[in-house]
$ cat start25.txt   # compact mmCIF, C-alpha atoms
# COMPACT_ATOMS: atom_id res chain seq x y z
CA MET A 927 -2.30 -23.95 -0.55
CA VAL A 928 -5.76 -25.16 0.50
CA ARG A 929 -8.22 -22.29 0.63
CA ARG A 930 -9.98 -21.91 3.96
CA THR A 931 -13.76 -21.72 3.85
CA GLY A 932 -16.65 -21.11 6.17
CA LEU A 933 -16.34 -19.82 9.71
CA ALA A 934 -12.62 -20.62 9.91
CA ALA A 935 -11.93 -18.40 6.88
CA VAL A 936 -14.01 -15.53 8.28
CA SER A 937 -12.29 -15.82 11.65
CA ALA A 938 -8.85 -15.86 10.03
CA ALA A 939 -9.69 -12.78 7.96
CA LEU A 940 -10.94 -10.81 10.96
CA LEU A 941 -7.94 -11.77 13.08
CA ALA A 942 -5.56 -10.78 10.28
CA MET A 943 -7.18 -7.35 9.97
CA ASN A 944 -6.61 -6.59 13.63
CA ARG A 945 -3.06 -7.94 13.80
CA THR A 946 -1.44 -4.70 12.59
CA LEU A 947 -1.98 -0.98 13.21
CA GLU A 948 -0.17 0.42 10.18
CA VAL A 949 -2.83 1.85 7.84
CA ARG A 950 -1.33 0.52 4.61
CA ASP A 951 -0.81 -2.93 6.13
CA VAL A 952 -4.42 -2.94 7.31
CA LEU A 953 -5.65 -2.04 3.83
CA GLN A 954 -3.54 -4.75 2.19
CA THR A 955 -4.77 -7.32 4.70
CA ILE A 956 -8.41 -6.38 4.04
CA VAL A 957 -7.95 -6.77 0.27
CA SER A 958 -6.08 -10.08 0.49
CA SER A 959 -8.54 -11.51 3.01
CA ALA A 960 -11.56 -10.54 0.90
CA ARG A 961 -10.09 -12.03 -2.27
CA GLU A 962 -9.28 -15.33 -0.56
CA LEU A 963 -12.55 -15.48 1.35
CA LEU A 964 -14.77 -14.98 -1.71
CA ASP A 965 -12.51 -16.83 -4.18
CA ALA A 966 -12.07 -13.86 -6.53
CA ARG A 967 -9.32 -13.50 -9.12
CA TYR A 968 -8.90 -9.75 -8.48
CA ALA A 969 -9.49 -7.44 -5.53
CA ALA A 970 -8.89 -3.76 -4.85
CA LEU A 971 -9.59 -1.19 -2.17
CA GLY A 972 -9.72 2.56 -2.70
CA VAL A 973 -9.54 5.28 -0.05
CA PRO A 974 -10.88 8.61 -1.39
CA ASP A 975 -8.72 11.73 -1.10
CA GLY A 976 -11.62 14.21 -0.93
CA ALA A 977 -10.64 15.75 -4.27
CA GLY A 978 -12.12 13.29 -6.77
CA GLY A 979 -9.25 10.81 -6.64
CA PHE A 980 -7.84 8.17 -4.33
CA ALA A 981 -5.34 8.79 -1.55
CA GLN A 982 -4.57 5.06 -1.56
CA PHE A 983 -5.53 2.29 -3.94
CA ILE A 984 -4.46 -1.24 -2.94
CA VAL A 985 -4.75 -4.22 -5.31
CA ASP A 986 -4.36 -7.97 -5.01
CA GLY A 987 -4.20 -10.51 -7.84
CA ILE A 988 -2.31 -8.17 -10.17
CA SER A 989 1.47 -8.40 -10.52
CA ASP A 990 3.73 -5.43 -9.87
CA ARG A 991 4.58 -5.33 -13.58
CA GLN A 992 0.90 -5.26 -14.56
CA TRP A 993 0.15 -2.56 -11.99
CA LYS A 994 3.00 -0.41 -13.25
CA ALA A 995 1.83 -0.81 -16.84
CA ILE A 996 -1.74 0.20 -15.95
CA GLY A 997 -0.52 3.68 -15.07
CA PRO A 998 -1.76 6.36 -12.65
CA LEU A 999 -4.33 5.74 -9.90
CA PRO A 1000 -7.91 5.77 -11.16
CA ARG A 1001 -10.18 8.73 -10.61
CA GLN A 1002 -13.56 8.49 -8.89
CA HIS A 1003 -15.84 7.94 -11.85
CA GLY A 1004 -18.40 5.47 -13.09
CA ILE A 1005 -19.15 2.57 -10.76
CA LEU A 1006 -16.40 3.55 -8.31
CA ALA A 1007 -17.90 6.99 -7.86
CA ALA A 1008 -21.41 5.59 -7.44
CA MET A 1009 -20.30 3.26 -4.67
CA LEU A 1010 -18.45 6.02 -2.79
CA HIS A 1011 -21.12 8.69 -3.18
CA GLU A 1012 -24.21 6.53 -2.72
CA ALA A 1013 -22.61 4.14 -0.19
CA THR A 1014 -24.41 1.14 -1.70
CA ALA A 1015 -23.23 -2.33 -2.65
CA VAL A 1016 -22.96 -3.23 -6.35
CA ARG A 1017 -23.16 -6.78 -7.79
CA LEU A 1018 -22.91 -7.24 -11.55
CA ALA A 1019 -22.77 -10.22 -13.92
CA ASP A 1020 -20.48 -8.27 -16.27
CA VAL A 1021 -19.09 -4.94 -15.21
CA ARG A 1022 -18.38 -4.06 -18.85
CA GLN A 1023 -22.09 -4.11 -19.69
CA ASP A 1024 -23.13 -1.68 -16.96
CA PRO A 1025 -24.08 1.79 -18.35
CA ARG A 1026 -21.85 3.44 -15.74
CA PHE A 1027 -18.77 1.59 -16.97
CA GLU A 1028 -16.31 3.99 -18.58
CA GLY A 1029 -13.55 1.61 -19.67
CA TRP A 1030 -10.08 1.00 -18.32
CA PRO A 1031 -6.47 1.37 -19.50
CA ALA A 1032 -5.11 -0.95 -22.19
CA ALA A 1033 -2.90 -2.86 -19.74
CA HIS A 1034 -5.81 -3.48 -17.37
CA PRO A 1035 -6.82 -7.17 -17.12
CA GLU A 1036 -10.22 -8.18 -18.48
CA MET A 1037 -12.83 -8.54 -15.73
CA SER A 1038 -16.40 -9.74 -15.76
CA ASP A 1039 -18.26 -10.55 -12.54
CA PHE A 1040 -18.07 -7.63 -10.13
CA LEU A 1041 -18.89 -7.20 -6.45
CA GLY A 1042 -18.29 -3.89 -4.69
CA MET A 1043 -18.94 -2.81 -1.13
CA PRO A 1044 -18.43 0.58 0.60
CA ILE A 1045 -16.48 0.64 3.86
CA ALA A 1046 -18.31 3.08 6.10
CA ASP A 1047 -18.07 4.38 9.64
CA GLY A 1048 -21.54 5.75 10.31
CA ASP A 1049 -22.24 8.27 7.58
CA GLU A 1050 -18.58 8.61 6.60
CA VAL A 1051 -17.41 6.47 3.69
CA LEU A 1052 -13.82 5.47 4.45
CA GLY A 1053 -13.34 3.61 1.19
CA ALA A 1054 -14.70 0.88 -1.02
CA ILE A 1055 -13.61 -2.69 -1.71
CA PHE A 1056 -14.05 -4.31 -5.10
CA LEU A 1057 -13.87 -7.95 -6.19
CA ALA A 1058 -13.89 -9.10 -9.80
CA THR A 1059 -14.02 -12.39 -11.74
CA LYS A 1060 -15.11 -15.24 -9.53
CA ARG A 1061 -12.65 -18.11 -9.94
CA GLY A 1062 -13.77 -21.52 -11.19
CA SER A 1063 -16.15 -22.13 -14.02
CA PRO A 1064 -18.50 -19.13 -14.37
CA GLU A 1065 -21.01 -21.11 -16.46
CA HIS A 1066 -22.17 -23.37 -13.65
CA ARG A 1067 -21.73 -20.79 -10.89
CA ARG A 1068 -24.08 -18.13 -12.21
CA THR A 1069 -26.74 -17.07 -9.72
CA PRO A 1070 -30.24 -17.67 -11.10
CA GLY A 1071 -32.02 -14.43 -11.83
CA ASP A 1072 -29.09 -12.00 -12.02
CA GLY A 1073 -26.45 -14.09 -13.79
CA CYS A 1074 -23.63 -13.03 -11.45
CA ALA A 1075 -21.13 -15.63 -10.23
CA PHE A 1076 -20.87 -13.68 -6.95
CA THR A 1077 -23.89 -14.73 -4.91
CA ALA A 1078 -26.14 -12.85 -2.52
CA GLU A 1079 -24.37 -14.79 0.25
CA ASP A 1080 -21.05 -13.48 -1.07
CA GLU A 1081 -22.43 -9.95 -0.90
CA GLU A 1082 -23.61 -10.49 2.67
CA LEU A 1083 -20.22 -11.92 3.67
CA LEU A 1084 -18.36 -9.02 2.06
CA GLY A 1085 -20.67 -6.65 3.94
CA ILE A 1086 -19.66 -8.24 7.25
CA LEU A 1087 -16.01 -8.02 6.25
CA ALA A 1088 -16.46 -4.35 5.33
CA GLN A 1089 -17.98 -3.56 8.73
CA HIS A 1090 -14.97 -5.05 10.50
CA ALA A 1091 -12.67 -3.39 7.99
CA ALA A 1092 -14.15 -0.03 9.01
CA ILE A 1093 -13.30 -0.75 12.65
CA ALA A 1094 -9.77 -1.93 11.80
CA LEU A 1095 -9.13 1.05 9.53
CA THR A 1096 -10.48 3.52 12.09
CA ASN A 1097 -8.29 1.98 14.81
CA ALA A 1098 -5.24 2.14 12.54
CA ARG A 1099 -5.90 5.80 11.76
CA LEU A 1100 -6.32 6.61 15.46
CA TYR A 1101 -3.06 4.80 16.20
CA GLU A 1102 -1.19 6.77 13.55
CA ARG A 1103 -2.74 10.01 14.78
CA SER A 1104 -1.74 9.25 18.39
CA ARG A 1105 1.78 8.44 17.20
CA GLU A 1106 1.94 11.77 15.37
CA LEU A 1107 0.83 13.56 18.55
CA THR A 1108 3.46 11.67 20.57
CA ILE A 1109 6.13 12.64 18.05
CA ALA A 1110 4.99 16.28 18.16
CA GLU A 1111 5.09 16.21 21.97
CA GLU A 1112 8.61 14.76 21.94
CA ARG A 1113 9.79 17.33 19.42
CA ALA A 1114 8.40 20.07 21.66
CA ARG A 1115 10.22 18.60 24.66
CA LEU A 1116 13.54 18.41 22.78
CA ALA A 1117 13.02 21.93 21.46
CA HIS A 1118 12.53 23.15 25.02
CA GLU A 1119 15.72 21.42 26.16
CA LEU A 1120 17.73 22.92 23.31
CA HIS A 1121 16.18 26.33 23.78
CA ASP A 1122 17.26 26.37 27.43
CA ALA A 1123 20.79 25.35 26.54
CA VAL A 1124 21.19 27.96 23.79
CA ALA A 1125 19.58 30.67 25.95
CA GLN A 1126 22.07 29.98 28.75
CA LYS A 1127 25.00 30.18 26.32
CA LEU A 1128 23.74 33.46 24.85
CA PHE A 1129 23.16 34.94 28.29
CA SER A 1130 26.73 34.06 29.31
CA LEU A 1131 28.02 35.45 26.03
CA ARG A 1132 26.24 38.76 26.64
CA LEU A 1133 27.60 39.14 30.18
CA THR A 1134 31.12 38.26 29.06
CA ALA A 1135 30.97 40.78 26.20
CA GLN A 1136 29.81 43.48 28.62
CA ALA A 1137 32.69 42.66 30.98
CA ALA A 1138 35.19 42.88 28.11
CA THR A 1139 33.83 46.29 27.11
CA THR A 1140 34.18 47.56 30.68
CA LEU A 1141 37.77 46.27 30.96
CA MET A 1142 38.94 47.47 27.56
CA ASP A 1143 40.60 50.67 28.82
CA ARG A 1144 41.36 49.66 32.40
CA ASP A 1145 42.79 46.15 31.88
CA PRO A 1146 43.38 45.32 28.18
CA ALA A 1147 44.95 41.93 28.93
CA ARG A 1148 41.95 40.79 30.91
CA ALA A 1149 39.62 42.24 28.28
CA ARG A 1150 41.35 40.12 25.62
CA SER A 1151 40.82 37.07 27.83
CA GLU A 1152 37.11 37.89 28.11
CA LEU A 1153 36.87 38.31 24.34
CA ARG A 1154 38.41 34.87 23.86
CA GLN A 1155 35.67 33.59 26.17
CA VAL A 1156 33.08 35.33 23.96
CA THR A 1157 34.49 33.48 20.95
CA ARG A 1158 34.27 30.14 22.76
CA LEU A 1159 30.68 30.73 23.94
CA ALA A 1160 29.61 31.85 20.47
CA ALA A 1161 31.04 28.62 19.01
CA GLU A 1162 29.17 26.54 21.58
CA ALA A 1163 25.92 28.37 20.86
CA THR A 1164 26.43 27.71 17.14
CA ASP A 1165 26.92 24.01 17.86
CA GLU A 1166 23.69 23.89 19.87
CA LEU A 1167 21.74 25.57 17.08
CA ARG A 1168 23.18 23.10 14.57
CA ALA A 1169 22.09 20.27 16.84
CA ALA A 1170 18.59 21.72 16.87
CA VAL A 1171 18.45 21.63 13.09
CA ILE A 1172 20.04 18.22 12.59
CA GLU A 1173 18.76 16.18 15.51
CA LEU A 1174 15.40 17.72 16.38
CA ARG A 1175 13.39 15.13 14.50
CA PRO A 1176 10.73 12.59 15.37
CA ALA A 1177 11.72 9.41 17.11
CA ALA A 1178 11.99 6.83 14.32
CA LEU A 1179 11.61 3.46 15.98
CA GLU A 1180 10.44 1.75 12.79
CA GLU A 1181 13.34 3.02 10.68
CA ASP A 1182 16.20 3.31 13.18
CA GLY A 1183 15.36 0.92 16.01
CA LEU A 1184 15.27 1.50 19.76
CA VAL A 1185 19.02 1.79 20.42
CA ALA A 1186 19.65 4.31 17.62
CA THR A 1187 16.63 6.39 18.65
CA LEU A 1188 17.74 6.45 22.29
CA ARG A 1189 21.30 7.34 21.29
CA ALA A 1190 20.16 10.31 19.15
CA GLN A 1191 17.98 11.74 21.92
CA ILE A 1192 20.58 11.19 24.63
CA GLN A 1193 23.17 13.06 22.56
CA VAL A 1194 20.84 16.05 22.44
CA LEU A 1195 20.19 15.92 26.19
CA ASP A 1196 23.88 15.56 26.96
CA ARG A 1197 24.61 18.81 25.13
CA ALA A 1198 21.57 20.59 26.51
CA HIS A 1199 22.28 19.95 30.22
CA PRO A 1200 25.25 20.33 32.56
CA ALA A 1201 24.82 16.68 33.56
CA ARG A 1202 26.74 13.98 31.72
CA VAL A 1203 24.19 11.77 29.98
CA THR A 1204 25.39 8.50 28.46
CA LEU A 1205 23.98 5.36 26.87
CA VAL A 1206 25.37 1.88 27.39
CA ALA A 1207 23.92 -0.58 24.88
CA GLY A 1208 25.23 -3.18 22.49
CA GLU A 1209 23.66 -4.55 19.35
CA ALA A 1210 20.06 -5.31 20.21
CA LYS A 1211 17.59 -7.55 18.43
CA ALA A 1212 14.31 -5.92 17.49
CA LEU A 1213 11.53 -6.28 20.04
CA PRO A 1214 7.79 -6.15 19.35
CA ALA A 1215 6.85 -2.61 18.31
CA ALA A 1216 4.65 -2.01 21.37
CA GLN A 1217 7.48 -2.99 23.71
CA GLU A 1218 10.02 -0.75 21.98
CA GLU A 1219 7.56 2.15 22.15
CA ALA A 1220 6.98 1.58 25.88
CA LEU A 1221 10.71 1.29 26.63
CA LEU A 1222 11.41 4.53 24.77
CA ARG A 1223 8.67 6.47 26.58
CA VAL A 1224 9.76 5.18 30.00
CA ALA A 1225 13.37 6.16 29.24
CA GLN A 1226 12.24 9.65 28.22
CA GLU A 1227 10.18 10.13 31.38
CA ALA A 1228 12.98 8.88 33.63
CA LEU A 1229 15.52 11.13 31.90
CA HIS A 1230 13.20 14.11 32.31
CA ASN A 1231 12.91 13.44 36.06
CA ALA A 1232 16.66 13.01 36.49
CA LEU A 1233 17.59 16.16 34.58
CA ARG A 1234 14.77 18.43 35.76
CA HIS A 1235 14.12 17.41 39.33
CA ALA A 1236 17.10 15.44 40.66
CA THR A 1237 19.88 17.95 39.78
CA ALA A 1238 22.00 14.96 38.78
CA ALA A 1239 25.60 15.33 37.63
CA LYS A 1240 25.59 11.97 35.85
CA VAL A 1241 22.77 10.00 34.22
CA THR A 1242 23.33 6.60 32.63
CA VAL A 1243 20.87 4.74 30.42
CA SER A 1244 21.55 1.07 29.74
CA LEU A 1245 19.71 -1.47 27.66
CA ASP A 1246 20.52 -5.17 28.00
CA GLN A 1247 19.04 -8.19 26.28
CA HIS A 1248 19.17 -11.63 27.82
CA PRO A 1249 18.67 -15.16 26.47
CA GLY A 1250 15.09 -15.74 25.47
CA GLY A 1251 14.59 -12.14 24.32
CA ARG A 1252 14.10 -10.58 27.78
CA ALA A 1253 15.15 -6.92 27.74
CA VAL A 1254 16.01 -4.65 30.68
CA LEU A 1255 16.15 -0.87 30.51
CA ARG A 1256 17.87 0.92 33.38
CA VAL A 1257 18.05 4.69 33.97
CA SER A 1258 20.27 5.60 36.93
CA ASP A 1259 21.36 9.00 38.24
CA ASP A 1260 23.45 10.39 41.10
CA GLY A 1261 20.94 13.11 41.94
CA THR A 1262 19.13 14.06 45.11
CA GLY A 1263 16.92 10.98 45.13
CA PHE A 1264 13.59 10.72 46.94
CA ASP A 1265 11.54 8.51 49.21
CA PRO A 1266 9.12 6.60 46.92
CA GLU A 1267 6.68 5.99 49.79
CA ALA A 1268 6.64 9.65 50.79
CA VAL A 1269 6.08 10.70 47.18
CA ARG A 1270 3.19 8.25 46.86
CA SER A 1271 1.63 9.39 50.16
CA ALA A 1272 1.85 13.04 49.14
CA GLY A 1273 0.00 12.35 45.90
CA ARG A 1274 3.01 13.24 43.76
CA HIS A 1275 3.95 10.76 41.09
CA LEU A 1276 6.92 12.11 39.08
CA GLY A 1277 5.50 10.15 36.15
CA LEU A 1278 5.89 6.87 38.02
CA VAL A 1279 2.27 5.86 37.53
CA SER A 1280 2.37 6.36 33.77
CA MET A 1281 5.72 4.55 33.54
CA ARG A 1282 4.36 1.60 35.50
CA ASP A 1283 1.21 1.53 33.35
CA ARG A 1284 3.30 1.52 30.18
CA ALA A 1285 5.37 -1.40 31.46
CA GLN A 1286 2.34 -3.45 32.50
CA ALA A 1287 0.56 -2.76 29.19
CA VAL A 1288 3.28 -4.69 27.32
CA GLY A 1289 3.60 -7.51 29.86
CA GLY A 1290 6.57 -5.95 31.64
CA ALA A 1291 7.37 -4.67 35.12
CA LEU A 1292 8.81 -1.44 36.54
CA THR A 1293 11.07 -1.19 39.58
CA VAL A 1294 12.04 2.06 41.31
CA ARG A 1295 14.93 2.26 43.79
CA SER A 1296 15.69 5.60 45.40
CA ALA A 1297 16.41 7.31 48.71
CA PRO A 1298 17.10 10.92 49.70
CA GLY A 1299 20.70 11.77 48.78
CA ALA A 1300 21.32 8.38 47.16
CA GLY A 1301 20.23 8.90 43.57
CA THR A 1302 17.60 6.96 41.67
CA VAL A 1303 17.47 3.80 39.57
CA ILE A 1304 14.42 3.12 37.38
CA GLU A 1305 14.38 -0.31 35.80
CA MET A 1306 11.90 -1.68 33.29
CA GLU A 1307 11.90 -5.30 32.16
CA VAL A 1308 9.92 -6.73 29.25
CA PRO A 1309 9.67 -10.41 28.29
CA GLY A 1310 10.49 -9.93 24.59
CA VAL A 1311 9.15 -12.55 22.22
$ encode --input "start25.txt" --output "C-alpha cells"
Amino acid sequence: MVRRTGLAAVSAALLAMNRTLEVRDVLQTIVSSARELLDARYAALGVPDGAGGFAQFIVDGISDRQWKAIGPLPRQHGILAAMLHEATAVRLADVRQDPRFEGWPAAHPEMSDFLGMPIADGDEVLGAIFLATKRGSPEHRRTPGDGCAFTAEDEELLGILAQHAAIALTNARLYERSRELTIAEERARLAHELHDAVAQKLFSLRLTAQAATTLMDRDPARARSELRQVTRLAAEATDELRAAVIELRPAALEEDGLVATLRAQIQVLDRAHPARVTLVAGEAKALPAAQEEALLRVAQEALHNALRHATAAKVTVSLDQHPGGRAVLRVSDDGTGFDPEAVRSAGRHLGLVSMRDRAQAVGGALTVRSAPGAGTVIEMEVPGV
C-alpha cells in the first residue's frame, strides 16, 4: 500500500477520526492515523484512569501475540508520567538514554527514536500519544542538533493531530454519555410501565381477597371462586415482576439490532397495558447506526402516545425494508385519534415535533395520519444506505 503524504494524509487522518463516535474506535483511529502519517514503526495512546494507571492503552504496530506477552498495562511512570503531568511534548533521539526511562518488560520490542504528545482539552489532559522508531534508515534521517529521526515538523504535525484528537475524543465521550442518559431514561419509562401494571394487579388482588373474606361465612362457594381469582391475580403479578427483572434492560441496538430491541420492548408494553401491542417485522438488514437509533426513538414516542393518550385497544408496529435499503416504520392504533391541525394550532405537540426532527436528522421523513375517532398512523421512512 502506498503511504499517503502531505495535505492528503492529514485530511484523511482527520476525516477518519471523525467517522466514528465509539470511544475505543476513535482511539484506535487516532493511533493508526498518527503512525501512518509520521511513518513510525510503533504507536500507542494512553488514557489515564486518575489512579496512576491507564483506563485504556491502545497500540499499533505490535501484534496481538506480542501485546499479550508484554503483560499488564503500564503504569504512569517515567516519560509517560512526565507527559501526562506536565502536558508537554517530548522528542528524543533514543528513549533508552533518557534519565527518566525506567525500562520495559522483556517481551517489549526495542525502540529508539521517540515522539510523544499530550492530548488536551483546555487544562484537562485526556491522554497522550506516543510514536517510536522512525521507519527507514535512521542514519541519514537524523535531525541536525538533536539527533532524533522525528523532526520538528513531525512534532508540529503530531501537535495538530492531537488537537483534533482532543475534539474527536471529547465528542465521542459526549455521545456515549448521551447514550447512557437515553438508556437510563428508557429504563425509567419501562419501569414506570411495569410498576403501573403490577400495582393494578396487586390492587385487584387486595379487593378480591377482601371480598372472599366477607363471603366466607355467608356464601362459601362464591368465596372459593374469589380465592381462585386471588390465585390467578397473584400468578399474573409474579409474571410481571419476573418481566421487570429479565427484560428491564437497556436497549441494545449494537448487540441485538433494531428488530430484536423493538420486540423486547413491545413484549413488555403488551404485558403492562390492557391494549394488545404487536410487532410485524421480518429479517431486517442492519441500517446505519444513526438511522436505527432514530427509528427506535420514534417508535417509542409513538407507542407512548398510543398507550397513554389514545386509549387504544390495539397497537401494531411494523418495520419493512424495500429494495435499495429504504426502511419504513409504521405505528398504528385504533384509539381516539386527533386532528393534527388542531393540535398544532393549540400548541400541543404529542412529541410530533421531536419525532419529525429525529426523522429529518437522518435524512428521513415523518408522516402523521389521524382524525378524531379514527385512530392514528405514524410512519417514518429512512433512505437506508
$ atom_distance --input "start25.txt" --atom1 "atom CA of Asp1024 of chain A" --atom2 "atom CA of Asp1039 of chain A"
11.0 Å
$ closest_residue --input "start25.txt" --among "A:Val1156, A:Leu1100, A:Arg1144, A:Val1243" --to "Gln1191 of chain A" --atoms "only C-alpha atoms"
A:Val1243
$ residues_around --input "start25.txt" --residues "Leu1131 of chain A" --least-positions-apart "6" --cutoff "10 Å" --atoms "all atoms listed in the file" --output "list in words"
Ala1125, Ala1137, Glu1152, Leu1153, Gln1155, Val1156, Thr1157, Arg1158, Leu1159, Ala1160 and Ala1163 of chain A
$ closest_residue --input "start25.txt" --among "A:Ile1045, A:Ala1232, A:Leu1222, A:Leu963" --to "Pro1200 of chain A" --atoms "all atoms listed in the file"
A:Ala1232
$ atom_distance --input "start25.txt" --atom1 "atom CA of Gln982 of chain A" --atom2 "atom CA of Leu1052 of chain A"
11.0 Å
$ residues_around --input "start25.txt" --residues "segment 1211-1221 of chain A" --least-positions-apart "2" --cutoff "6 Å" --atoms "only C-alpha atoms" --output "ChimeraX atom specification"
/A:1223-1224,1284,1288,1310
$ residues_around --input "start25.txt" --residues "Pro1266 of chain A" --least-positions-apart "4" --cutoff "8 Å" --atoms "only C-alpha atoms" --output "PyMOL selection string"
chain A and resi 1270+1294-1297
$ write_last_selection --input "start25.txt" --atoms "C-alpha atoms" --output "short mmCIF file (atom, residue, chain, number, x, y, z; two decimals), keeping the file's coordinate frame"
data_model
loop_
_atom_site.label_atom_id
_atom_site.label_comp_id
_atom_site.auth_asym_id
_atom_site.auth_seq_id
_atom_site.Cartn_x
_atom_site.Cartn_y
_atom_site.Cartn_z
CA ARG A 1270 3.19 8.25 46.86
CA VAL A 1294 12.04 2.06 41.31
CA ARG A 1295 14.93 2.26 43.79
CA SER A 1296 15.69 5.60 45.40
CA ALA A 1297 16.41 7.31 48.71
#
$ atom_distance --input "start25.txt" --atom1 "atom CA of Ala969 of chain A" --atom2 "atom CA of Leu1083 of chain A"
14.8 Å
$ residues_around --input "start25.txt" --residues "segment 947-962 of chain A" --least-positions-apart "2" --cutoff "7 Å" --atoms "only C-alpha atoms" --output "number ranges by chain"
A: 939, 942-943, 964-966, 968-971, 984-986, 1057, 1091, 1095, 1098-1099, 1101
$ residues_near_point --input "start25.txt" --point "(-10.2, 1.7, -2.2)" --cutoff "6 Å" --atoms "all atoms listed in the file" --output "list in words"
Leu971, Gly972, Val973, Phe983, Gly1053, Ala1054 and Ile1055 of chain A
$ axis_aligned_box --input "start25.txt" --around "segment 960-973 of chain A" --padding-each-side "4 Å" --output "JSON"
{"center_x": -11.8, "center_y": -5.8, "center_z": -3.9, "size_x": 13.9, "size_y": 30.1, "size_z": 18.5}
$ closest_residue --input "start25.txt" --among "A:Thr1204, A:Asn1097, A:Thr1140, A:Gln992" --to "Ala1190 of chain A" --atoms "all atoms listed in the file"
A:Thr1204
